[in-house]
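Asker: This is the structure, below, for whatever I ask next.
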Amino acid sequence: VADKALSYAHLQYFLRDAVEQNKPVEASRFAVLMFGQGSRKAFDEMYKNPMRWLAVQPKAPRDRMSQEMVSVALARLARTDREPGDAYVRREWAGQLPAEDLAWVRSQFAIIAALNLDNRAHQWYVEAGHIPMTEYSQAWKVRSALRQPRIDWKWVDASIAYMPQSQRDETVWVYWRARARVALGQGDTARTMYATIADKHDFYGQ
């Protein structure tokens, strides 16, 4: 960080990954690297009680630190107050944050919902859209779509396409993308995809 080898975008990804995994010590460390030592106390207080912290914040945060702190606080509501938290985000903050930050907040509600077998996970992922996420969240994005009574195969195909190449090449996602292609009337493409994993000695290869 001192040598500027890591950009703000790198640090933001690490911070948000730590928030997603509920690792407060790591999240606090990355916040300090992003915003300076003086940010630690405010960040730690926000992390412990996001709703109380948000209640006293001015709307429409302008600087990067304020925007990121509000985004993390709203994301934390997915763990502490998921249903009222969602209503609060929509009512108080939906028009106050940059679209990309709000989309990330939606993705955090989505992954926590998915892990708790909450049927709203897919809708939150749809609201988040195809944005940068951790590979873990990318996987649950597709699984949530596959849990729907009527599967949107175009969404499944696009969601897998958005994964990084290394994840996309895993047999599970080659298989499900091929299934999506069949459903979309692209049987020849699907057979080619199936053939690439047919020799793999795992569940999806077999």
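Numbering starts fresh at 1 for the residues of each chain in the structure tokens, the chains themselves are lettered A, B, ... in the order given, and ligands are numbered from 1 as they appear.
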List as a ChimeraX atom specification the protein and nucleic acid residues near A:Ala9, meaning an atom at most 10 Å away when only C-alpha atoms are counted, but skip any in the same chain fewer than 5 places from it.

Answerer: /A:14-15,34

Asker: Can you tell me, as a list in words, what residues are no more than 7 Å from A:Gln108 when counting only C-alpha atoms, ignoring any on the same chain fewer than 5 positions away?

Answerer: Glu20, Ala75 and Ala78 of chain A

Asker: Selection from above, all heavy atoms, as a JSON list (two decimals), in the first residue's frame, can you write it?

Answerer:
```json
[["chain", "number", "residue", "atom", "x", "y", "z"],
["A", 20, "GLU", "N", -18.09, -10.00, 3.59],
["A", 20, "GLU", "CA", -18.92, -11.13, 3.15],
["A", 20, "GLU", "C", -18.67, -12.37, 4.00],
["A", 20, "GLU", "O", -19.60, -13.12, 4.33],
["A", 20, "GLU", "CB", -18.64, -11.43, 1.68],
["A", 20, "GLU", "CG", -19.49, -12.56, 1.12],
["A", 20, "GLU", "CD", -19.25, -12.74, -0.36],
["A", 20, "GLU", "OE1", -19.54, -11.80, -1.13],
["A", 20, "GLU", "OE2", -18.78, -13.83, -0.76],
["A", 75, "ALA", "N", -24.77, -3.49, 4.05],
["A", 75, "ALA", "CA", -24.54, -4.92, 3.81],
["A", 75, "ALA", "C", -24.62, -5.72, 5.09],
["A", 75, "ALA", "O", -25.11, -6.86, 5.10],
["A", 75, "ALA", "CB", -23.17, -5.11, 3.14],
["A", 78, "ALA", "N", -27.87, -7.33, 6.31],
["A", 78, "ALA", "CA", -28.29, -8.64, 5.80],
["A", 78, "ALA", "C", -28.11, -9.72, 6.84],
["A", 78, "ALA", "O", -28.84, -10.71, 6.87],
["A", 78, "ALA", "CB", -27.50, -8.98, 4.53]]
```

Asker: Kindly indicate which residue among A:Arg76, A:His122, A:Arg29, A:His10 lies nearest to A:Met46, using only C-alpha atoms for the distances.

Answerer: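 Nearest to A:Met46: A:Arg76.
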
Asker: Using only C-alpha atoms, which residues sit within 9 Å of A:Ala139 once same-chain residues fewer than 4 positions away are excluded, as a ChimeraX atom specification?

Answerer: /A:134-135,143-144,159-160,163,167,173

Asker: Which of these residues is nearest to A:Trp104, using only C-alpha atoms: A:Val25, A:Leu184, A:Leu33, A:Val19?

Answerer: A:Val19

Asker: Can you tell me, as a PyMOL selection string, which residues in stretch 1-40 of chain A count as helix (DSSP H, G or I) by DSSP?

Answerer: chain A and resi 8-20+24-35+37-40

Asker: I'd like the interatomic distance between atom CA of A:Asp17 and atom CA of A:Met133, to a tenth of an Å.

Answerer: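 Spanning atom CA of A:Asp17 to atom CA of A:Met133 is a straight-line distance of 8.5 Å.
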
Asker: Using only C-alpha atoms, determine which residues lie at most 12 Å from A:Arg90, disregarding the query and same-chain residues fewer than 3 positions distant; provide the list as a list in words.

Answerer: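 Near A:Arg90, the qualifying residues are Leu74, Glu83, Pro84, Gly85, Asp86, Ala87, Trp93, Ala94, Gly95, Gln96, Leu97, Leu102, Ala103, Val105, Arg106 and Glu127 of chain A.
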
Asker: Which residue, A:Val1, A:Val126, A:Ala195, A:Ala27, has the smallest gap to A:Tyr13 when you use only C-alpha atoms?

Answerer: A:Ala27

Asker: Please compute the atom CA of A:Pro58-atom CA of A:Lys23 distance, one decimal, in Å.

Answerer: 26.6 Å

Asker: Of the candidates A:Gln37, A:Ser107, A:Gln138, A:Gln186, which one gets nearest to A:Ser71 if we count only C-alpha atoms?

Answerer: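 Looking only at the distances to A:Ser71, the closest residue turns out to be A:Ser107.
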
Asker: Using only C-alpha atoms, which residues sit within 9 Å of A:Tyr194 once same-chain residues fewer than 6 positions away are excluded, as a PyMOL selection string?

Answerer: chain A and resi 174-175+178-179+205

Asker: Set the distance at 9 Å and use only C-alpha atoms: which residues neighbour A:Tyr162 once local chain neighbours fewer than 5 positions away are removed? I'd like the list as a PyMOL selection string.

Answerer: chain A and resi 130-132+138+157+168

Asker: Rounded to one decimal in Å, what is the spacing between atom CA of A:Val142 and atom CA of A:Ala190?

Answerer: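 Going from atom CA of A:Val142 over to atom CA of A:Ala190, I get 17.6 Å.
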
Asker: Pick out the closest residue to A:Pro50 from this set: A:Met69, A:Ala121, A:Ile197, A:Leu11. Count only C-alpha atoms.

Answerer: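 Checking each candidate against A:Pro50, we get A:Met69 as the closest.
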